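What follows is the content of upload.cif (mmCIF, C-alpha atoms).
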```cif
data_start
#
loop_
_atom_site.label_atom_id
_atom_site.label_comp_id
_atom_site.auth_asym_id
_atom_site.auth_seq_id
_atom_site.Cartn_x
_atom_site.Cartn_y
_atom_site.Cartn_z
CA MET V 1 12.82 9.09 1.79
CA ILE V 2 13.50 5.44 2.65
CA ASN V 3 11.36 3.89 5.39
CA TYR V 4 12.79 1.18 7.63
CA VAL V 5 11.78 -0.96 10.58
CA THR V 6 13.95 -2.17 13.43
CA GLY V 7 12.51 -4.57 15.97
CA PHE V 8 13.37 -5.96 19.36
CA MET V 9 11.88 -9.27 20.46
CA PHE V 10 12.34 -9.54 24.21
CA SER V 11 11.82 -12.56 26.42
CA LYS V 12 8.66 -12.24 28.52
CA ASP V 13 10.78 -11.49 31.59
CA LYS V 14 12.62 -8.78 29.58
CA LYS V 15 16.01 -10.28 30.45
CA HIS V 16 16.94 -11.18 26.85
CA VAL V 17 16.61 -9.54 23.45
CA SER V 18 17.34 -10.76 19.93
CA LEU V 19 19.90 -8.81 17.91
CA ILE V 20 21.60 -9.30 14.57
CA SER V 21 25.28 -8.89 13.70
CA LYS V 22 25.21 -6.60 10.67
CA LEU V 23 27.28 -6.90 7.50
CA GLN V 24 25.68 -3.97 5.63
CA PRO V 25 25.71 -1.03 5.42
CA SER V 26 29.45 -0.70 5.90
CA TRP V 27 29.18 1.63 8.93
CA GLN V 28 27.25 -1.14 10.74
CA ASN V 29 29.59 -4.01 9.74
CA GLY V 30 30.34 -6.10 12.84
CA LYS V 31 27.89 -4.18 15.01
CA LEU V 32 24.75 -5.52 16.65
CA ASN V 33 21.41 -4.00 15.73
CA GLY V 34 17.75 -4.84 16.02
CA ILE V 35 16.32 -7.05 13.32
CA GLY V 36 14.69 -5.23 10.42
CA GLY V 37 14.96 -3.71 6.99
CA LYS V 38 13.10 -1.65 4.40
CA ILE V 39 9.34 -1.23 4.44
CA GLU V 40 7.94 -2.40 1.11
CA ALA V 41 5.24 -0.53 -0.81
CA GLY V 42 1.83 -0.95 0.82
CA GLU V 43 3.19 -2.34 4.10
CA SER V 44 2.60 -0.90 7.54
CA PRO V 45 5.59 -0.84 9.91
CA GLN V 46 4.05 -3.79 11.79
CA GLN V 47 3.61 -5.83 8.60
CA ALA V 48 7.17 -5.08 7.53
CA MET V 49 8.48 -6.04 10.97
CA ALA V 50 6.67 -9.39 10.94
CA ARG V 51 8.03 -10.13 7.44
CA GLU V 52 11.59 -9.06 8.27
CA PHE V 53 11.64 -11.04 11.52
CA ALA V 54 10.61 -14.21 9.69
CA GLU V 55 13.18 -13.60 6.93
CA GLU V 56 16.10 -12.82 9.26
CA ALA V 57 15.36 -14.69 12.50
CA GLY V 58 13.19 -17.59 11.33
CA ILE V 59 10.24 -16.79 13.61
CA GLU V 60 6.76 -16.19 12.24
CA THR V 61 4.98 -13.39 14.08
CA HIS V 62 1.78 -11.46 13.44
CA PRO V 63 1.85 -7.73 12.69
CA GLU V 64 -0.46 -6.98 15.62
CA GLU V 65 2.11 -8.48 18.03
CA TRP V 66 4.58 -5.69 17.22
CA ARG V 67 4.25 -2.41 19.09
CA LEU V 68 5.57 0.80 17.50
CA PHE V 69 7.29 2.94 20.14
CA THR V 70 9.72 5.33 18.42
CA VAL V 71 10.11 6.86 14.97
CA LEU V 72 13.49 8.41 14.16
CA THR V 73 13.52 10.64 11.07
CA ARG V 74 16.27 12.37 9.16
CA PRO V 75 14.17 14.60 6.87
CA GLU V 76 14.34 13.74 3.18
CA VAL V 77 16.76 10.85 3.89
CA TYR V 78 15.22 8.11 6.05
CA ARG V 79 12.67 7.20 8.69
CA VAL V 80 13.26 4.27 11.07
CA ASN V 81 10.24 2.81 12.87
CA PHE V 82 11.28 1.01 16.08
CA LEU V 83 9.02 -1.77 17.33
CA TYR V 84 9.10 -4.34 20.11
CA MET V 85 7.30 -7.39 21.43
CA PHE V 86 7.62 -9.72 24.42
CA ASP V 87 7.61 -13.42 23.62
CA ASP V 88 9.66 -16.41 24.74
CA ARG V 89 9.96 -17.49 21.10
CA VAL V 90 13.03 -15.24 21.30
CA TYR V 91 14.88 -18.32 22.57
CA SER V 92 14.24 -19.98 19.18
CA VAL V 93 15.71 -17.28 16.94
CA LYS V 94 18.17 -18.53 14.36
CA SER V 95 20.32 -17.11 11.61
CA VAL V 96 18.51 -17.50 8.29
CA GLU V 97 20.71 -15.35 6.06
CA LYS V 98 24.43 -14.46 6.24
CA GLU V 99 23.98 -12.18 9.24
CA ILE V 100 24.15 -13.91 12.64
CA VAL V 101 21.08 -13.62 14.90
CA ASN V 102 21.44 -14.33 18.61
CA ILE V 103 20.01 -13.37 21.99
CA TYR V 104 21.72 -11.11 24.48
CA GLU V 105 21.15 -10.07 28.07
CA THR V 106 19.37 -6.73 28.18
CA SER V 107 21.19 -5.69 31.36
CA VAL V 108 24.69 -6.22 29.87
CA LEU V 109 24.60 -5.28 26.20
CA PRO V 110 27.82 -6.06 24.30
CA ASP V 111 30.22 -3.24 23.47
CA ASN V 112 29.53 -3.53 19.74
CA VAL V 113 25.83 -2.58 19.77
CA ILE V 114 24.74 0.33 17.58
CA TYR V 115 24.98 3.37 19.87
CA ASN V 116 21.27 4.25 19.99
CA LEU V 117 20.33 0.75 21.19
CA ARG V 118 21.79 1.71 24.58
CA TRP V 119 18.71 3.89 25.16
CA LEU V 120 16.18 2.32 22.75
CA ILE V 121 16.31 -1.15 24.34
CA PRO V 122 15.78 0.07 27.94
CA MET V 123 13.07 2.42 26.70
CA ALA V 124 11.18 -0.39 24.95
CA ALA V 125 11.53 -2.73 27.93
CA ASP V 126 10.46 -0.19 30.57
CA GLU V 127 7.12 -1.42 31.91
CA HIS V 128 6.35 2.04 33.34
CA LEU V 129 6.32 3.71 29.93
CA ARG V 130 3.15 3.60 27.86
CA PHE V 131 3.33 4.01 24.12
CA ASP V 132 -0.19 4.95 23.06
CA LYS V 133 1.55 6.93 20.35
CA ALA V 134 5.11 6.52 19.08
CA VAL V 135 7.76 8.96 20.29
CA GLU V 136 8.76 11.03 17.24
CA ILE V 137 12.40 12.12 17.01
CA THR V 138 13.56 14.31 14.13
CA GLU V 139 17.24 14.88 13.50
CA MET V 140 17.91 18.58 12.95
CA ARG V 141 20.57 19.84 10.58
CA GLY V 142 22.95 22.69 11.08
#
```

So that I can check it, write out the structure of this file as structure tokens.
Amino acid sequence: MINYVTGFMFSKDKKHVSLISKLQPSWQNGKLNGIGGKIEAGESPQQAMAREFAEEAGIETHPEEWRLFTVLTRPEVYRVNFLYMFDDRVYSVKSVEKEIVNIYETSVLPDNVIYNLRWLIPMAADEHLRFDKAVEITEMRG
């Protein structure tokens, strides 16, 4: 099973979020997703998220700044750990690699966002929800 992280850095007022325009995998080409990638051996999701955010958005963060809120698993295939943080450094994100990183209004997400971001972003930004433990979602087959 491959383990991934996907993170959302929101502005402190929750009006903006950083997203990346994906090139790979092919089904995501041209779509906006959270910033992230594969978790390397020995990394926690928070450590992987801090590393990926620096590599892809040019902002150094600390693992403890990232809050794990949802884990989406397709058994024996992949697990995606979704994390978020609130920080006005979001206004300083930049494209570091080939994929374009930008900020977007959380209330009017573009049409080309990955479909599950339409509920993950509002869920992460909802100040009334408490994530003492991540919400676990397992995709069922058949």

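Candidate residues V:Val113, V:Val90, V:Val71, V:Ala57 were compared for distance to Gln28 in chain V, and the nearest is V:Val113, using only C-alpha atoms.
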
* Find, counting all atoms listed in the file, the residue in V:Phe53, V:Trp27, V:Tyr4, V:Phe69 that gets nearest to Glu136 in chain V. => V:Phe69

* List the residues selected by the PyMOL selection byres ((chain V and resi 37-41) around 9) in the file shown, writing them as an MDAnalysis selection string. => chainID V and resid 2:6 35:36 42:45 47:49 52 80

* Asked: Where does the PyMOL selection byres ((chain V and resi 99-105) around 6) land in this file, that is, which residues does it pick, as a PyMOL selection string?
  -> chain V and resi 15-22+94-95+97-98+106-108

* **Result set, the PyMOL selection byres ((chain V and resi 88) around 12) on current file, as a ChimeraX atom specification** => /V:9-18,59,85-87,89-93,103

Each range 17-78 of chain V residue no farther than 9 Å from range 123-132 of chain V, nearest pair in Å, all atoms listed in the file, as JSON lines:
```
{"residue": "V:Arg67", "atom": "CA", "partner": "V:Phe131", "partner_atom": "CA", "distance": 8.2}
{"residue": "V:Leu68", "atom": "CA", "partner": "V:Phe131", "partner_atom": "CA", "distance": 7.7}
{"residue": "V:Phe69", "atom": "CA", "partner": "V:Phe131", "partner_atom": "CA", "distance": 5.7}
{"residue": "V:Thr70", "atom": "CA", "partner": "V:Phe131", "partner_atom": "CA", "distance": 8.7}
```

* Measure the distance from CA of Ile137 in chain V to CA of Asn33 in chain V in Å and round it to one decimal. =>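 So the two atoms, CA of Ile137 in chain V and CA of Asn33 in chain V, lie 18.5 Å apart.
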
* Return the single residue from V:Pro25, V:Gln46, V:Thr73, V:Lys31 that is closest to Thr61 in chain V, with distances computed using all atoms listed in the file. =>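 Under the stated criterion, the closest residue is V:Gln46.
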